[in-house]
Amino acid sequence: MQNTATPTVHITLDGKPLEVPAGISVAAAVLGHAHAEHTCKHPVDGSARAPYCLMGVCFECLMEINGEPNVQSCLVTVQEGMTVRRQLSGESA
Amino acid sequence: MSTTEQDIIVVGGGMAGSALAYGLAGKGRKVTVLDAPTDTNKASRANVGLIWCQSKFLHLPDYAKWGFISARLFPALTKELEEISEHTIPVNYLGGVIPVLSAEEYASRGEYIDKLREALGEYKGCMIDRTELERKLPGIGWGPEVCGAAWCEEDGVIDPLALLRAFRVALPRVGATYRQTLVYDVQPHAGGYRVTTRDGVFDAERLVLAAGLANRRFVQFAMPDLPVYPDKGQVLLVERMPYVMPIPVLGATQTFGGTTIIGFRHEHSGHHTRVVPSDVATEGQWAIRVWPELGKKRVIRAWAGLRVMPEDKMAIYSHLPGHPKVTLVNTHSAVTMAAAHARLLADFALGGDLPETAQGMTLKRFGYDC
Ligand SMILES: Cc1cc2nc3c(=O)[nH]c(=O)nc-3n(C[C@H](O)[C@H](O)[C@H](O)COP(=O)(O)OP(=O)(O)OC[C@H]3O[C@@H](n4cnc5c(N)ncnc54)[C@H](O)[C@@H]3O)c2cc1C
Ligand code: FES
């Protein structure tokens, strides 16, 4: 459902290519365009977590972005060629 | 403006006011807590949650004892609060450690503990070597310089916000009223006291002043100045890690949520005569020497809170000069003391005596007649 009038960028999420609107956050891309259910696990109790506040406060949206673990994905804007991984193993890297 | 009659009004519903109000409600009194968020009185919401008795107050033995008394009252209190509030309060009563980084520090802390044991008559703690420290906290990769720790089995750690919430939920259930309103002024009135708030006027026979630093303003009808000062405590919050610290480490304490609070070591290092740098960077460096893993983690937040510090660093539990029905509470460790406040101060606020251990904690020591 990409609107052709909207500029897009290409990222990979967990190794799969994904085309998303430019200018949105990684969290928005992963939730809204890959429809991921959860994006990380809580390191203490292993519970499934996903972006929540979308404004940098809750730290529930941690993902590995361009190889860097535990990045608040709601604060990072998608860029062409960006590599994003969900952190589903439970261990904070 | 409406006027509401109470037996006793507690001004300030932070850690101290909530605990005391809870104790007063248990005495069957009509208690109202008046509390509102303020910009500066945030200590009850900005602290580490340590129930910390060890290695402090050799020069104030009664105050040291008072901490241990409170710690011993904690387990029954939190159990009761959990039942009444139906909220879980994460808490560990497993002891606490202060890691040391040199043989010299190991020896000086050991000496201090020996003196404390002598002064208090009883002290359930000692120095432990690195092997024992590793046994107690096997999940932590200690830095190479760590040669042991001061250990005390009576310390603990609680989620301070959960404790505050449990008090707040429990208060109405034990018969107290909690009103969120800003207090403007407190004055003697018609043989009792009148509290003027944003939402009207409250009259009561008795008053408890537990408004943290704002107590300085509210006592002014009875005395010009209160010997307490704001002391800034600054901490760093490190991102979540798997939970490895059921026994809290002073100065780098992992929270129940997995984050680690760095800083605030000086708060409890009452025996150091040298100046301990309060600079957060220094505290961060120290924490990394203790637990190098922290150095690889992100700092996700930093905050400062103002501690309410009585000038001689001891708690103040006192009536005001000429006002025996007004009770003042100011302490810099209101988490540690919460159980003592909930269980042992109500009688005093209602006209009785302070418990023996706390009798030296009134304003008399500052030369006031009260
Ligand atoms: C960074 C930091 C770490 C700490 N760590 C620990 C620790 O590990 N263990 C420990 O025991 N202690 C610790 N402390 C100290 C502890 O937090 C304080 O002793 C405690 O919070 C004091 O509680 P209080 O209720 O006396 O005052 P406050 O916390 O200041 O509460 C006062 C209350 O009164 C209310 N109030 C004020 N003015 C008004 C007004 N005009 N109208 C209505 N309401 C008003 C405020 O909103 C607040 O709710 C720490 C403090 C800091 C800053
Ligand atoms: S969604 Fe809350 S910090 Fe990113």
# chains A, B, ... in the order shown; residues from 1 in each chain; ligands from 1

call {"tool": "interface_residues", "arguments": {"of": "chain A", "to": "chain B", "cutoff": "12 Å", "atoms": "only C-alpha atoms", "output": "VMD selection string"}}
result
chain A and resid 41 to 47 56 to 60 62 68 to 72 90 to 93

call {"tool": "write_last_selection", "arguments": {"atoms": "C-alpha atoms", "output": "PDB file, in the first residue's frame"}}
result
ATOM      1  CA  LYS A  41      12.257  -8.937  25.194  1.00  0.00           C
ATOM      2  CA  HIS A  42      12.578  -7.514  28.663  1.00  0.00           C
ATOM      3  CA  PRO A  43      15.997  -8.574  29.934  1.00  0.00           C
ATOM      4  CA  VAL A  44      14.684  -9.250  33.439  1.00  0.00           C
ATOM      5  CA  ASP A  45      11.535 -11.288  32.941  1.00  0.00           C
ATOM      6  CA  GLY A  46      11.751 -12.160  29.249  1.00  0.00           C
ATOM      7  CA  SER A  47       8.345 -10.657  28.505  1.00  0.00           C
ATOM      8  CA  GLY A  56      11.799   8.323  23.832  1.00  0.00           C
ATOM      9  CA  VAL A  57      10.538   7.796  27.342  1.00  0.00           C
ATOM     10  CA  CYS A  58       9.663   4.139  27.923  1.00  0.00           C
ATOM     11  CA  PHE A  59      12.623   2.252  26.398  1.00  0.00           C
ATOM     12  CA  GLU A  60      10.307  -0.514  25.224  1.00  0.00           C
ATOM     13  CA  LEU A  62      14.956  -1.219  21.727  1.00  0.00           C
ATOM     14  CA  GLU A  68      24.247  -1.254  17.301  1.00  0.00           C
ATOM     15  CA  PRO A  69      22.099  -3.018  19.916  1.00  0.00           C
ATOM     16  CA  ASN A  70      19.560  -1.487  22.300  1.00  0.00           C
ATOM     17  CA  VAL A  71      18.820   1.610  20.259  1.00  0.00           C
ATOM     18  CA  GLN A  72      15.559   3.411  20.960  1.00  0.00           C
ATOM     19  CA  GLY A  90      15.838 -11.791  25.608  1.00  0.00           C
ATOM     20  CA  GLU A  91      19.475 -11.006  26.307  1.00  0.00           C
ATOM     21  CA  SER A  92      20.330  -7.374  25.878  1.00  0.00           C
ATOM     22  CA  ALA A  93      23.343  -7.610  23.642  1.00  0.00           C
TER      23      ALA A  93
END

call {"tool": "select_by_dssp", "arguments": {"residues": "segment 23-67 of chain A", "states": "strand (DSSP E or B)", "output": "list of chain:residue names"}}
result
A:Ser25, A:Cys40, A:Lys41, A:Ala48, A:Arg49, A:Leu62, A:Met63, A:Glu64, A:Ile65

call {"tool": "residues_near_ligand", "arguments": {"ligand": "ligand 1", "cutoff": "6 Å", "atoms": "only C-alpha atoms and all ligand atoms", "output": "PyMOL selection string"}}
result
chain B and resi 12-17+34-38+41-44+46-51+181-184+210-214+233-235+304-307+330-336

call {"tool": "residues_around", "arguments": {"residues": "Glu37 of chain A", "least_positions_apart": "2", "cutoff": "10 Å", "atoms": "only C-alpha atoms", "output": "MDAnalysis selection string"}}
result
chainID A and resid 30:31 34:35 39:40 48:51

call {"tool": "atom_distance", "arguments": {"atom1": "atom CA of Arg216 of chain B", "atom2": "atom CA of Pro310 of chain B"}}
result
11.0 Å

call {"tool": "closest_residue", "arguments": {"among": "A:Ile24, A:Val76, A:Leu13, A:Leu18", "to": "ligand 2", "atoms": "only C-alpha atoms and all ligand atoms"}}
result
A:Val76

call {"tool": "residues_around", "arguments": {"residues": "Glu19 of chain A", "least_positions_apart": "5", "cutoff": "10 Å", "atoms": "only C-alpha atoms", "output": "list of chain:residue names"}}
result
A:Gln2, A:Thr8, A:Val9, A:His10, A:Ile11, A:Thr12, A:Ala29, A:His33, A:Ala34, A:Glu80

call {"tool": "write_last_selection", "arguments": {"atoms": "all heavy atoms", "output": "compact mmCIF listing (two decimals), in the first residue's frame"}}
result
# COMPACT_ATOMS: atom_id res chain seq x y z
N GLN A 2 1.99 1.21 -0.67
CA GLN A 2 2.80 2.42 -0.74
C GLN A 2 2.15 3.42 -1.68
O GLN A 2 1.72 3.07 -2.78
CB GLN A 2 4.20 2.08 -1.25
CG GLN A 2 4.98 1.14 -0.35
CD GLN A 2 5.16 1.73 1.03
OE1 GLN A 2 5.27 2.93 1.18
NE2 GLN A 2 5.17 0.88 2.04
N THR A 8 10.17 6.97 -0.62
CA THR A 8 10.38 5.82 0.25
C THR A 8 11.87 5.53 0.40
O THR A 8 12.69 6.02 -0.38
CB THR A 8 9.68 4.56 -0.30
OG1 THR A 8 10.22 4.28 -1.59
CG2 THR A 8 8.18 4.74 -0.38
N VAL A 9 12.17 4.73 1.39
CA VAL A 9 13.54 4.21 1.53
C VAL A 9 13.45 2.70 1.72
O VAL A 9 12.39 2.17 2.06
CB VAL A 9 14.30 4.85 2.73
CG1 VAL A 9 14.48 6.34 2.53
CG2 VAL A 9 13.58 4.56 4.05
N HIS A 10 14.58 2.04 1.49
CA HIS A 10 14.62 0.59 1.64
C HIS A 10 15.46 0.23 2.86
O HIS A 10 16.59 0.69 2.99
CB HIS A 10 15.22 -0.05 0.39
CG HIS A 10 14.45 0.28 -0.85
ND1 HIS A 10 14.62 1.46 -1.54
CD2 HIS A 10 13.46 -0.40 -1.49
CE1 HIS A 10 13.78 1.50 -2.56
NE2 HIS A 10 13.06 0.38 -2.56
N ILE A 11 14.88 -0.57 3.73
CA ILE A 11 15.65 -1.05 4.89
C ILE A 11 15.54 -2.58 4.90
O ILE A 11 14.76 -3.15 4.13
CB ILE A 11 15.11 -0.47 6.22
CG1 ILE A 11 13.69 -0.97 6.52
CG2 ILE A 11 15.11 1.05 6.20
CD1 ILE A 11 13.17 -0.58 7.92
N THR A 12 16.33 -3.22 5.73
CA THR A 12 16.07 -4.64 5.95
C THR A 12 15.70 -4.84 7.40
O THR A 12 16.30 -4.26 8.31
CB THR A 12 17.28 -5.54 5.61
OG1 THR A 12 18.37 -5.15 6.42
CG2 THR A 12 17.66 -5.48 4.15
N ALA A 29 8.13 2.20 11.31
CA ALA A 29 8.31 1.34 10.14
C ALA A 29 8.06 -0.11 10.52
O ALA A 29 7.35 -0.85 9.82
CB ALA A 29 9.72 1.52 9.59
N HIS A 33 4.58 -1.07 9.07
CA HIS A 33 4.81 -1.58 7.72
C HIS A 33 5.24 -3.03 7.69
O HIS A 33 5.00 -3.73 6.73
CB HIS A 33 5.79 -0.67 6.98
CG HIS A 33 5.21 0.70 6.79
ND1 HIS A 33 4.47 1.05 5.69
CD2 HIS A 33 5.21 1.78 7.61
CE1 HIS A 33 4.05 2.32 5.84
NE2 HIS A 33 4.48 2.77 7.00
N ALA A 34 5.88 -3.51 8.78
CA ALA A 34 6.21 -4.93 8.84
C ALA A 34 5.21 -5.64 9.75
O ALA A 34 5.17 -6.85 9.82
CB ALA A 34 7.63 -5.14 9.37
N GLU A 80 17.97 5.05 3.92
CA GLU A 80 18.19 4.10 2.84
C GLU A 80 19.30 3.11 3.24
O GLU A 80 20.36 3.52 3.72
CB GLU A 80 18.58 4.86 1.56
CG GLU A 80 18.78 4.00 0.33
CD GLU A 80 17.51 3.27 -0.11
OE1 GLU A 80 16.41 3.80 0.09
OE2 GLU A 80 17.63 2.13 -0.65
